[in-house]
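start_31.cif (mmCIF, C-alpha atoms)
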```cif
data_query
#
loop_
_atom_site.label_atom_id
_atom_site.label_comp_id
_atom_site.auth_asym_id
_atom_site.auth_seq_id
_atom_site.Cartn_x
_atom_site.Cartn_y
_atom_site.Cartn_z
CA MET A 1 221.62 96.67 79.29
CA ALA A 2 219.08 93.86 79.49
CA ILE A 3 216.58 96.21 81.10
CA ALA A 4 216.75 98.60 78.14
CA THR A 5 216.24 95.76 75.66
CA ALA A 6 213.16 94.57 77.54
CA LEU A 7 211.78 98.10 77.65
CA ASP A 8 212.20 98.37 73.89
CA ARG A 9 209.92 95.35 73.57
CA LEU A 10 207.22 97.21 75.50
CA GLY A 11 207.24 99.85 72.79
CA GLY A 12 206.27 97.20 70.28
CA GLU A 13 203.03 96.23 72.03
CA ARG A 14 199.87 96.98 70.08
CA VAL A 15 197.37 99.35 71.68
CA ASP A 16 193.85 97.98 72.04
CA HIS A 17 190.89 97.93 74.45
CA ARG A 18 193.11 96.72 77.32
CA PHE A 19 194.91 100.07 77.50
CA LYS A 20 192.79 102.21 79.82
CA GLY A 21 192.18 105.78 78.73
CA LEU A 22 194.09 105.62 75.46
CA PRO A 23 192.41 106.94 72.29
CA PRO A 24 190.05 104.42 70.64
CA ASP A 25 191.35 105.47 67.24
CA ALA A 26 194.88 104.46 68.30
CA ALA A 27 193.91 100.77 68.28
CA GLY A 28 196.41 98.80 66.24
CA ARG A 29 199.28 101.25 66.69
CA THR A 30 202.25 100.22 68.79
CA VAL A 31 202.98 102.00 72.04
CA GLY A 32 206.08 103.42 70.37
CA GLU A 33 204.12 104.75 67.42
CA LEU A 34 201.53 106.38 69.65
CA THR A 35 204.26 107.89 71.80
CA ALA A 36 205.91 109.41 68.74
CA GLU A 37 202.67 111.16 67.81
CA ARG A 38 202.82 113.21 71.05
CA ARG A 39 199.08 113.72 71.10
CA ASN A 40 197.55 116.54 73.11
CA LEU A 41 196.03 115.17 76.32
CA TYR A 42 192.81 117.15 75.98
CA ARG A 43 192.21 117.02 72.24
CA GLY A 44 194.01 113.84 71.21
CA GLY A 45 191.19 111.38 71.79
CA PHE A 46 192.10 110.25 75.32
CA THR A 47 189.14 109.16 77.44
CA THR A 48 188.57 109.85 81.11
CA PRO A 49 189.41 108.84 83.74
CA ILE A 50 193.06 108.96 82.75
CA LEU A 51 196.14 109.09 84.96
CA THR A 52 199.00 111.32 83.88
CA LEU A 53 202.58 111.49 85.11
CA SER A 54 204.69 114.63 84.90
CA ALA A 55 208.05 113.90 83.27
CA GLU A 56 209.52 117.06 84.79
CA ALA A 57 208.39 116.18 88.33
CA VAL A 58 209.68 112.61 88.04
CA GLU A 59 213.09 113.80 86.84
CA HIS A 60 213.29 116.33 89.67
CA ASN A 61 212.40 113.69 92.28
CA LEU A 62 214.88 111.17 90.87
CA ARG A 63 217.70 113.69 91.07
CA CYS A 64 216.68 114.93 94.51
CA MET A 65 216.76 111.51 96.18
CA ALA A 66 219.90 110.43 94.33
CA ARG A 67 221.68 113.50 95.69
CA TYR A 68 220.32 112.88 99.18
CA ALA A 69 221.49 109.27 99.25
CA ASP A 70 224.91 110.24 97.93
CA ARG A 71 225.38 113.05 100.48
CA HIS A 72 224.57 110.69 103.35
CA GLY A 73 226.60 107.68 102.22
CA LEU A 74 223.54 105.55 101.53
CA GLU A 75 222.88 102.93 98.90
CA PHE A 76 219.37 103.22 97.51
CA ALA A 77 216.94 100.42 96.61
CA PRO A 78 213.61 102.22 96.14
CA HIS A 79 210.48 100.17 96.63
CA GLY A 80 209.13 99.13 93.25
CA LYS A 81 205.59 98.53 94.50
CA THR A 82 205.05 102.31 94.37
CA SER A 83 204.81 102.27 90.59
CA MET A 84 205.32 98.68 89.36
CA ALA A 85 206.46 100.42 86.18
CA PRO A 86 209.60 98.89 84.64
CA GLN A 87 210.27 102.17 82.83
CA LEU A 88 210.56 103.90 86.19
CA PHE A 89 212.70 101.07 87.61
CA TRP A 90 215.09 101.78 84.73
CA ARG A 91 215.11 105.50 85.47
CA GLN A 92 215.88 104.79 89.14
CA VAL A 93 218.76 102.48 88.24
CA GLU A 94 220.08 105.09 85.81
CA HIS A 95 220.13 107.58 88.67
CA GLY A 96 222.37 105.33 90.73
CA ALA A 97 219.98 103.00 92.56
CA TRP A 98 221.66 99.89 94.01
CA GLY A 99 218.64 97.90 92.90
CA ILE A 100 214.89 97.68 93.40
CA THR A 101 212.96 96.61 96.50
CA VAL A 102 209.89 94.40 96.12
CA ALA A 103 207.42 92.85 98.56
CA VAL A 104 206.11 89.69 96.90
CA PRO A 105 207.33 87.13 94.35
CA HIS A 106 205.33 88.40 91.37
CA GLN A 107 206.90 91.84 91.80
CA ALA A 108 210.33 90.21 91.80
CA ARG A 109 209.44 88.40 88.59
CA VAL A 110 208.50 91.69 86.93
CA ALA A 111 211.79 93.25 88.00
CA ARG A 112 213.75 90.28 86.69
CA ALA A 113 211.84 90.24 83.40
CA PHE A 114 213.19 93.73 82.83
CA GLY A 115 216.77 92.92 83.79
CA VAL A 116 217.02 94.27 87.35
CA GLN A 117 220.22 92.73 88.72
CA ARG A 118 219.73 93.46 92.42
CA ILE A 119 216.48 92.83 94.22
CA PHE A 120 215.74 93.37 97.90
CA LEU A 121 212.67 91.26 98.75
CA ALA A 122 211.43 92.93 101.93
CA ASN A 123 209.22 90.09 103.12
CA GLN A 124 209.29 86.51 104.34
CA LEU A 125 209.48 84.08 101.43
CA VAL A 126 208.29 80.53 102.23
CA ASP A 127 206.42 79.73 99.02
CA VAL A 128 207.92 76.61 97.41
CA ALA A 129 207.11 77.70 93.85
CA ALA A 130 208.61 81.15 94.38
CA LEU A 131 211.76 79.75 95.98
CA THR A 132 212.13 77.28 93.13
CA TRP A 133 211.90 80.17 90.66
CA LEU A 134 214.44 82.19 92.67
CA ALA A 135 216.88 79.27 92.77
CA GLY A 136 216.62 79.04 89.00
CA GLU A 137 217.26 82.75 88.52
CA LEU A 138 220.33 82.64 90.75
CA ALA A 139 221.67 79.59 88.95
CA ALA A 140 221.13 81.12 85.51
CA ASP A 141 222.80 84.46 86.24
CA PRO A 142 225.91 84.60 88.46
CA HIS A 143 225.64 88.41 88.64
CA PHE A 144 222.07 88.44 90.00
CA ARG A 145 221.62 89.22 93.72
CA CYS A 146 218.44 88.79 95.73
CA VAL A 147 218.30 89.58 99.45
CA VAL A 148 215.30 88.20 101.39
CA TYR A 149 213.90 88.68 104.90
CA VAL A 150 213.87 85.91 107.53
CA ASP A 151 212.37 86.19 111.02
CA SER A 152 211.84 82.65 112.36
CA VAL A 153 213.54 79.29 112.62
CA ARG A 154 210.45 77.74 111.06
CA GLY A 155 210.71 80.05 108.07
CA VAL A 156 214.39 79.21 107.64
CA GLU A 157 213.58 75.50 107.71
CA LEU A 158 210.89 75.90 105.05
CA MET A 159 213.20 77.94 102.83
CA ASP A 160 215.98 75.39 103.20
CA ARG A 161 213.66 72.51 102.36
CA ALA A 162 212.31 74.26 99.25
CA LEU A 163 215.74 75.30 98.00
CA ARG A 164 217.17 71.82 98.50
CA GLY A 165 214.20 70.39 96.65
CA ALA A 166 214.88 72.80 93.81
CA GLY A 167 218.54 71.77 93.64
CA ALA A 168 219.69 75.30 94.45
CA ARG A 169 223.26 75.89 93.31
CA ARG A 170 223.77 79.30 94.92
CA PRO A 171 222.75 80.25 98.46
CA VAL A 172 220.06 82.87 98.90
CA GLU A 173 221.22 85.95 100.80
CA VAL A 174 219.02 86.71 103.81
CA VAL A 175 218.73 89.47 106.38
CA ILE A 176 217.08 89.08 109.75
CA GLU A 177 214.09 91.36 109.99
CA LEU A 178 213.67 93.26 113.25
CA GLY A 179 210.14 94.15 114.27
CA ALA A 180 208.66 95.51 117.49
CA ALA A 181 205.87 94.59 119.87
CA GLY A 182 202.54 95.18 118.17
CA ALA A 183 204.22 95.94 114.85
CA ARG A 184 204.32 93.92 111.66
CA SER A 185 206.61 90.93 110.98
CA GLY A 186 210.15 90.60 112.30
CA VAL A 187 211.88 89.16 115.37
CA ARG A 188 210.95 90.79 118.65
CA ASP A 189 214.17 90.22 120.61
CA THR A 190 217.87 89.50 120.29
CA GLY A 191 217.54 85.92 121.51
CA THR A 192 215.20 85.04 118.66
CA ALA A 193 217.48 86.78 116.18
CA LEU A 194 220.47 84.73 117.36
CA ALA A 195 218.43 81.52 117.05
CA VAL A 196 217.42 82.45 113.50
CA ALA A 197 221.03 83.27 112.63
CA GLU A 198 222.14 79.88 113.94
CA ALA A 199 219.44 78.17 111.87
CA VAL A 200 220.55 80.02 108.75
CA GLU A 201 224.17 78.98 109.29
CA ALA A 202 223.12 75.33 109.55
CA THR A 203 221.39 75.26 106.15
CA GLY A 204 223.97 75.62 103.41
CA THR A 205 221.25 77.04 101.15
CA LEU A 206 221.11 80.44 102.87
CA THR A 207 223.73 83.05 103.75
CA LEU A 208 223.14 85.65 106.46
CA VAL A 209 224.25 89.05 105.18
CA GLY A 210 222.64 91.57 107.51
CA VAL A 211 219.63 93.00 109.31
CA ALA A 212 216.68 95.07 108.16
CA GLY A 213 213.21 96.31 109.02
CA TYR A 214 210.62 98.97 108.38
CA GLU A 215 210.12 101.78 110.84
CA GLY A 216 206.91 103.00 109.22
CA GLU A 217 204.77 100.24 110.76
CA LEU A 218 205.82 100.86 114.35
CA PRO A 219 202.73 101.42 116.53
CA ASP A 220 202.15 105.17 116.97
CA ALA A 221 205.42 105.91 115.18
CA ASP A 222 206.95 109.27 116.04
CA GLY A 223 210.46 110.66 115.88
CA ALA A 224 211.54 109.38 119.28
CA GLY A 225 210.08 105.91 118.75
CA VAL A 226 211.59 105.57 115.29
CA ARG A 227 215.04 106.62 116.51
CA THR A 228 214.86 104.18 119.42
CA TRP A 229 213.97 101.34 117.06
CA LEU A 230 216.77 102.30 114.66
CA LYS A 231 219.25 102.13 117.54
CA SER A 232 217.97 98.62 118.24
CA LEU A 233 218.49 97.69 114.58
CA SER A 234 222.09 98.95 114.70
CA ALA A 235 222.67 97.15 118.00
CA LEU A 236 221.38 93.91 116.49
CA ALA A 237 223.83 94.25 113.59
CA ARG A 238 226.70 94.73 116.04
CA THR A 239 225.60 91.77 118.19
CA LEU A 240 225.37 89.41 115.24
CA ASP A 241 228.70 90.64 113.91
CA ARG A 242 230.44 90.06 117.24
CA ALA A 243 228.97 86.55 117.26
CA GLY A 244 230.62 85.87 113.89
CA ARG A 245 227.31 85.39 112.09
CA PHE A 246 228.35 87.44 109.04
CA ARG A 247 231.55 85.52 108.34
CA ASP A 248 230.31 84.36 104.93
CA ALA A 249 228.89 87.74 103.89
CA PRO A 250 230.76 89.76 101.25
CA GLU A 251 229.33 92.86 102.95
CA ILE A 252 227.00 93.52 105.87
CA VAL A 253 223.65 94.95 104.82
CA ILE A 254 221.68 97.16 107.19
CA SER A 255 218.45 98.38 105.67
CA ALA A 256 215.41 100.44 106.61
CA GLY A 257 213.61 103.50 105.40
CA GLY A 258 210.16 104.29 104.13
CA SER A 259 209.25 107.70 102.75
CA ALA A 260 208.35 109.36 106.06
CA TRP A 261 211.50 108.82 108.19
CA PHE A 262 214.45 108.49 105.85
CA ASP A 263 216.18 111.38 107.64
CA ALA A 264 216.17 109.40 110.89
CA VAL A 265 217.48 106.35 109.01
CA ALA A 266 220.34 108.38 107.52
CA GLU A 267 221.21 109.75 110.95
CA ALA A 268 221.21 106.31 112.61
CA PHE A 269 223.17 104.62 109.83
CA ALA A 270 225.81 107.37 109.89
CA ALA A 271 226.38 106.60 113.59
CA LEU A 272 226.95 102.88 113.01
CA PRO A 273 230.52 101.96 114.11
CA PRO A 274 232.85 99.92 111.89
CA LEU A 275 231.97 96.24 111.58
CA SER A 276 233.99 93.21 110.49
CA ARG A 277 232.96 93.61 106.84
CA PRO A 278 232.21 96.60 104.62
CA VAL A 279 228.72 97.91 105.40
CA CYS A 280 225.98 98.53 102.83
CA ARG A 281 223.64 101.14 104.35
CA LEU A 282 220.56 100.52 102.24
CA LEU A 283 217.62 102.95 102.08
CA ARG A 284 214.36 101.71 100.51
CA SER A 285 212.07 104.77 100.27
CA GLY A 286 209.88 104.42 97.19
CA ALA A 287 207.03 106.94 97.29
CA TYR A 288 209.38 109.81 96.49
CA ILE A 289 209.23 109.17 92.75
CA SER A 290 205.59 110.19 92.45
CA HIS A 291 205.15 112.00 95.80
CA ASP A 292 201.64 113.44 96.31
CA ASP A 293 199.64 116.42 97.50
CA GLY A 294 198.21 114.58 100.49
CA ARG A 295 199.90 112.04 102.74
CA TYR A 296 203.50 112.60 101.68
CA ARG A 297 203.21 116.35 101.36
CA GLU A 298 202.51 116.26 105.11
CA VAL A 299 205.05 113.66 106.27
CA THR A 300 208.05 113.95 103.94
CA PRO A 301 211.29 114.45 105.89
CA PHE A 302 212.13 117.36 103.59
CA ASN A 303 209.64 119.37 105.64
CA ARG A 304 212.08 119.00 108.56
CA MET A 305 215.17 119.73 106.47
CA PRO A 306 214.22 122.02 103.55
CA GLU A 307 217.90 122.75 102.95
CA GLU A 308 218.28 119.15 101.72
CA GLY A 309 215.77 119.49 98.89
CA TYR A 310 212.08 119.05 98.08
CA LEU A 311 209.84 116.71 96.11
CA LEU A 312 207.15 117.45 93.54
CA PRO A 313 203.80 115.66 93.12
CA ALA A 314 203.94 113.84 89.80
CA PHE A 315 200.58 112.11 89.31
CA ARG A 316 197.35 113.78 88.27
CA LEU A 317 194.12 111.93 87.54
CA TRP A 318 191.82 113.60 85.05
CA ALA A 319 188.09 112.90 85.18
CA GLN A 320 185.08 114.55 83.60
CA VAL A 321 181.96 116.09 85.08
CA VAL A 322 179.09 113.90 83.92
CA SER A 323 176.22 115.19 86.08
CA ARG A 324 175.09 118.28 87.99
CA PRO A 325 171.89 116.84 89.54
CA GLU A 326 171.58 119.36 92.41
CA PRO A 327 172.84 122.84 93.22
CA GLY A 328 176.30 122.63 94.73
CA LEU A 329 176.84 119.02 93.60
CA ALA A 330 178.83 117.66 90.66
CA LEU A 331 179.58 114.05 89.78
CA ILE A 332 182.77 113.07 87.96
CA ASN A 333 183.50 109.73 86.31
CA ALA A 334 186.27 108.50 88.62
CA GLY A 335 185.64 106.61 91.84
CA LYS A 336 186.83 103.77 94.03
CA ARG A 337 187.84 101.74 90.97
CA ASP A 338 190.21 104.47 89.88
CA VAL A 339 191.78 106.11 92.93
CA ALA A 340 193.35 105.07 96.21
CA TYR A 341 191.44 106.48 99.17
CA ASP A 342 192.75 104.66 102.26
CA LEU A 343 194.84 107.70 103.25
CA GLY A 344 192.29 110.34 102.36
CA LEU A 345 190.09 111.42 99.49
CA PRO A 346 191.68 112.92 96.38
CA GLU A 347 192.09 116.69 96.11
CA VAL A 348 190.46 118.67 93.31
CA GLN A 349 193.14 121.01 91.96
CA VAL A 350 192.21 122.33 88.54
CA VAL A 351 189.27 122.55 86.15
CA ARG A 352 189.54 122.76 82.37
CA ASN A 353 186.34 123.82 80.66
CA THR A 354 185.08 122.93 77.19
CA ALA A 355 186.65 126.15 75.84
CA ASP A 356 190.10 124.85 76.97
CA ARG A 357 190.46 127.39 79.78
CA MET A 358 192.26 126.09 82.85
CA ARG A 359 191.59 127.48 86.33
CA ARG A 360 192.24 126.56 89.94
CA ALA A 361 189.40 124.54 91.46
CA THR A 362 188.87 126.91 94.37
CA GLY A 363 186.01 125.88 96.64
CA VAL A 364 185.57 122.41 95.09
CA THR A 365 186.17 119.33 97.24
CA VAL A 366 185.60 115.58 97.01
CA THR A 367 183.21 114.47 99.76
CA ARG A 368 182.82 110.77 99.00
CA LEU A 369 183.40 108.09 96.40
CA ALA A 370 181.14 105.55 94.72
CA ASP A 371 182.48 102.76 92.53
CA GLN A 372 182.81 104.90 89.40
CA HIS A 373 181.89 108.39 90.61
CA ALA A 374 183.28 111.02 92.94
CA PHE A 375 180.92 113.49 94.64
CA LEU A 376 182.15 117.08 94.37
CA ASP A 377 180.88 119.74 96.76
CA CYS A 378 180.86 122.93 94.68
CA SER A 379 178.84 125.06 97.10
CA GLY A 380 181.91 127.14 97.99
CA SER A 381 182.94 127.82 94.41
CA GLU A 382 182.21 131.04 92.55
CA GLU A 383 182.69 129.15 89.27
CA PRO A 384 181.64 125.54 89.78
CA PRO A 385 182.57 122.98 87.09
CA GLU A 386 179.92 122.24 84.48
CA VAL A 387 178.96 119.02 82.72
CA GLY A 388 181.69 118.21 80.22
CA ASP A 389 184.49 120.01 82.10
CA TRP A 390 187.67 118.09 82.90
CA VAL A 391 188.70 118.01 86.55
CA GLY A 392 192.29 117.35 87.65
CA LEU A 393 192.74 115.42 90.91
#
```
What's the structure tokens form of this structure?
Amino acid sequence: MAIATALDRLGGERVDHRFKGLPPDAAGRTVGELTAERRNLYRGGFTTPILTLSAEAVEHNLRCMARYADRHGLEFAPHGKTSMAPQLFWRQVEHGAWGITVAVPHQARVARAFGVQRIFLANQLVDVAALTWLAGELAADPHFRCVVYVDSVRGVELMDRALRGAGARRPVEVVIELGAAGARSGVRDTGTALAVAEAVEATGTLTLVGVAGYEGELPDADGAGVRTWLKSLSALARTLDRAGRFRDAPEIVISAGGSAWFDAVAEAFAALPPLSRPVCRLLRSGAYISHDDGRYREVTPFNRMPEEGYLLPAFRLWAQVVSRPEPGLALINAGKRDVAYDLGLPEVQVVRNTADRMRRATGVTVTRLADQHAFLDCSGSEEPPEVGDWVGL
């Protein structure tokens, strides 16, 4: 596979100062050589902060979602923005993924550089340079598919103009994005969708193949609201099909699904009646591969259906206590530059002391972040971390 060949090239890259957290004495080795050494995380020269990924958890999550999609008759195009790691794209494809979802052109270029043959670009694409690149990719590889959102006549016109200017030889497959009042992008009503479909049909550079959207950005999204919106998405697919707008589509794509409501998506897609073409029911949930002990622990649909499976948190960030300036306070060397914090502060889970003893970080919490430090409240801990200890977040 082309993707495997490209991944092999990654193994030949030389490790140097650009590789965050890797041992300084590994400089000059290739990634493959360093991997083969299987160094110990704590004693192998790695420097903090360093992000680790559990191979066992990733494998479990890959298998879990592959089984879920298969049981519910879904194709699966997980969102690549979750990791932007070509190695994980490859693992997802190996586990049966239809392809990889991306949001912006540079993500699509990464996926293509590593041989991904099916890309779902879940965004409006009106950039001339990006459309020129896409036209070239489609012309160069007859097996490559890229499905792109459209939601306005103006956007269709801009795409058509750019693709004609690029001398596009294959039409770009597009799906009409359905939004909702106060939500993100996407058409707000059936009339607009029909106008967009008519504009697509008039181009010759675009082919309408389905409908799509993202339920996770609905205002005040809850189960009832998400299910109502999904019914609207299915109704839009039926309306466009009855109007003959999918006559040039090899299959009709209907796509939705973040990582919080994929059970509702599966339910709605299972209820979709037969259409004039075979239907590709495409789920795009991406956060499953790493999961977490915060946001997605709380909102994963597996909480509502434990009989279907469960996911494991896969990432852990290790930092080191560098200061204990006051009683009950510890500072570690990871902050805003190292962790995402828009959905909550990181959790302190374990402490490993300088004698290599690991313990649960009971009574230790992150209270705030500076650029390169996290503030730990240790006042509730019977054994607070000391300077030099490693802390797992």
Since I can't run it myself right now, could you work out what the PyMOL selection byres ((chain A and resi 351) around 10) selects here and report it as an MDAnalysis selection string? chainID A and resid 318:321 348:350 352:354 356:362 364 383:386 389:393
Filtering to C-alpha atoms, could you give me those residues as a PDB file, keeping the file's coordinate frame?
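Generated file (again.pdb):
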```pdb
ATOM      1  CA  TRP A 318     191.820 113.600  85.050  1.00  0.00           C
ATOM      2  CA  ALA A 319     188.090 112.900  85.180  1.00  0.00           C
ATOM      3  CA  GLN A 320     185.080 114.550  83.600  1.00  0.00           C
ATOM      4  CA  VAL A 321     181.960 116.090  85.080  1.00  0.00           C
ATOM      5  CA  VAL A 348     190.460 118.670  93.310  1.00  0.00           C
ATOM      6  CA  GLN A 349     193.140 121.010  91.960  1.00  0.00           C
ATOM      7  CA  VAL A 350     192.210 122.330  88.540  1.00  0.00           C
ATOM      8  CA  ARG A 352     189.540 122.760  82.370  1.00  0.00           C
ATOM      9  CA  ASN A 353     186.340 123.820  80.660  1.00  0.00           C
ATOM     10  CA  THR A 354     185.080 122.930  77.190  1.00  0.00           C
ATOM     11  CA  ASP A 356     190.100 124.850  76.970  1.00  0.00           C
ATOM     12  CA  ARG A 357     190.460 127.390  79.780  1.00  0.00           C
ATOM     13  CA  MET A 358     192.260 126.090  82.850  1.00  0.00           C
ATOM     14  CA  ARG A 359     191.590 127.480  86.330  1.00  0.00           C
ATOM     15  CA  ARG A 360     192.240 126.560  89.940  1.00  0.00           C
ATOM     16  CA  ALA A 361     189.400 124.540  91.460  1.00  0.00           C
ATOM     17  CA  THR A 362     188.870 126.910  94.370  1.00  0.00           C
ATOM     18  CA  VAL A 364     185.570 122.410  95.090  1.00  0.00           C
ATOM     19  CA  GLU A 383     182.690 129.150  89.270  1.00  0.00           C
ATOM     20  CA  PRO A 384     181.640 125.540  89.780  1.00  0.00           C
ATOM     21  CA  PRO A 385     182.570 122.980  87.090  1.00  0.00           C
ATOM     22  CA  GLU A 386     179.920 122.240  84.480  1.00  0.00           C
ATOM     23  CA  ASP A 389     184.490 120.010  82.100  1.00  0.00           C
ATOM     24  CA  TRP A 390     187.670 118.090  82.900  1.00  0.00           C
ATOM     25  CA  VAL A 391     188.700 118.010  86.550  1.00  0.00           C
ATOM     26  CA  GLY A 392     192.290 117.350  87.650  1.00  0.00           C
ATOM     27  CA  LEU A 393     192.740 115.420  90.910  1.00  0.00           C
TER      28      LEU A 393
END
```
Evaluate the PyMOL selection byres ((chain A and resi 43-60) around 6) and record the selected residues as a PyMOL selection string, following the chain and residue labels used in the document. chain A and resi 21-23+39-42+61-63+289+312+314-319+334
Residue nearest Val172 of chain A - candidates A:Phe120, A:Tyr68, A:Tyr214, A:Phe302, atoms counted: all atoms listed in the file: A:Phe120
I'd like the interatomic distance between atom CA of Arg161 of chain A and atom CA of Ile254 of chain A, to a tenth of an Å.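 Distance reported for this atom pair: 26.4 Å.
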Atom pair atom CA of Ser83 of chain A / atom CA of Gln124 of chain A: separation (Å):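 For atom CA of Ser83 of chain A relative to atom CA of Gln124 of chain A, the distance reads 21.4 Å.
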Just the residues within 10 Å of Val126 of chain A, please, counting all atoms listed in the file, with nothing from its chain fewer than 4 positions along; format it as a PyMOL selection string. chain A and resi 130-131+150+154-162
Selected residue of minimal separation from Gly309 of chain A among A:Tyr288, A:Arg337, A:Arg91, A:Arg109, counting only C-alpha atoms: A:Tyr288
Starting from the structure just given, write a file holding segment 226-250 of chain A with C-alpha atoms, as a PDB file, in the first residue's frame.
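Written out: decode-v5.pdb:
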```pdb
ATOM      1  CA  VAL A 226     -30.091  15.840  17.872  1.00  0.00           C
ATOM      2  CA  ARG A 227     -32.686  13.254  16.842  1.00  0.00           C
ATOM      3  CA  THR A 228     -34.950  15.948  15.391  1.00  0.00           C
ATOM      4  CA  TRP A 229     -32.068  17.333  13.341  1.00  0.00           C
ATOM      5  CA  LEU A 230     -31.097  13.853  12.129  1.00  0.00           C
ATOM      6  CA  LYS A 231     -34.668  13.320  10.924  1.00  0.00           C
ATOM      7  CA  SER A 232     -34.338  16.565   8.971  1.00  0.00           C
ATOM      8  CA  LEU A 233     -31.087  15.321   7.430  1.00  0.00           C
ATOM      9  CA  SER A 234     -32.760  12.076   6.334  1.00  0.00           C
ATOM     10  CA  ALA A 235     -35.758  14.009   5.009  1.00  0.00           C
ATOM     11  CA  LEU A 236     -33.448  16.242   2.974  1.00  0.00           C
ATOM     12  CA  ALA A 237     -31.808  13.182   1.416  1.00  0.00           C
ATOM     13  CA  ARG A 238     -35.223  11.819   0.435  1.00  0.00           C
ATOM     14  CA  THR A 239     -36.362  15.174  -0.986  1.00  0.00           C
ATOM     15  CA  LEU A 240     -33.268  15.587  -3.131  1.00  0.00           C
ATOM     16  CA  ASP A 241     -33.513  11.984  -4.295  1.00  0.00           C
ATOM     17  CA  ARG A 242     -37.152  12.381  -5.323  1.00  0.00           C
ATOM     18  CA  ALA A 243     -36.134  15.506  -7.254  1.00  0.00           C
ATOM     19  CA  GLY A 244     -33.612  13.429  -9.217  1.00  0.00           C
ATOM     20  CA  ARG A 245     -30.613  15.358  -7.903  1.00  0.00           C
ATOM     21  CA  PHE A 246     -28.511  12.229  -7.295  1.00  0.00           C
ATOM     22  CA  ARG A 247     -28.869  10.818 -10.802  1.00  0.00           C
ATOM     23  CA  ASP A 248     -25.119  11.055 -11.453  1.00  0.00           C
ATOM     24  CA  ALA A 249     -24.070   9.667  -8.071  1.00  0.00           C
ATOM     25  CA  PRO A 250     -22.654   6.126  -7.913  1.00  0.00           C
TER      26      PRO A 250
END
```
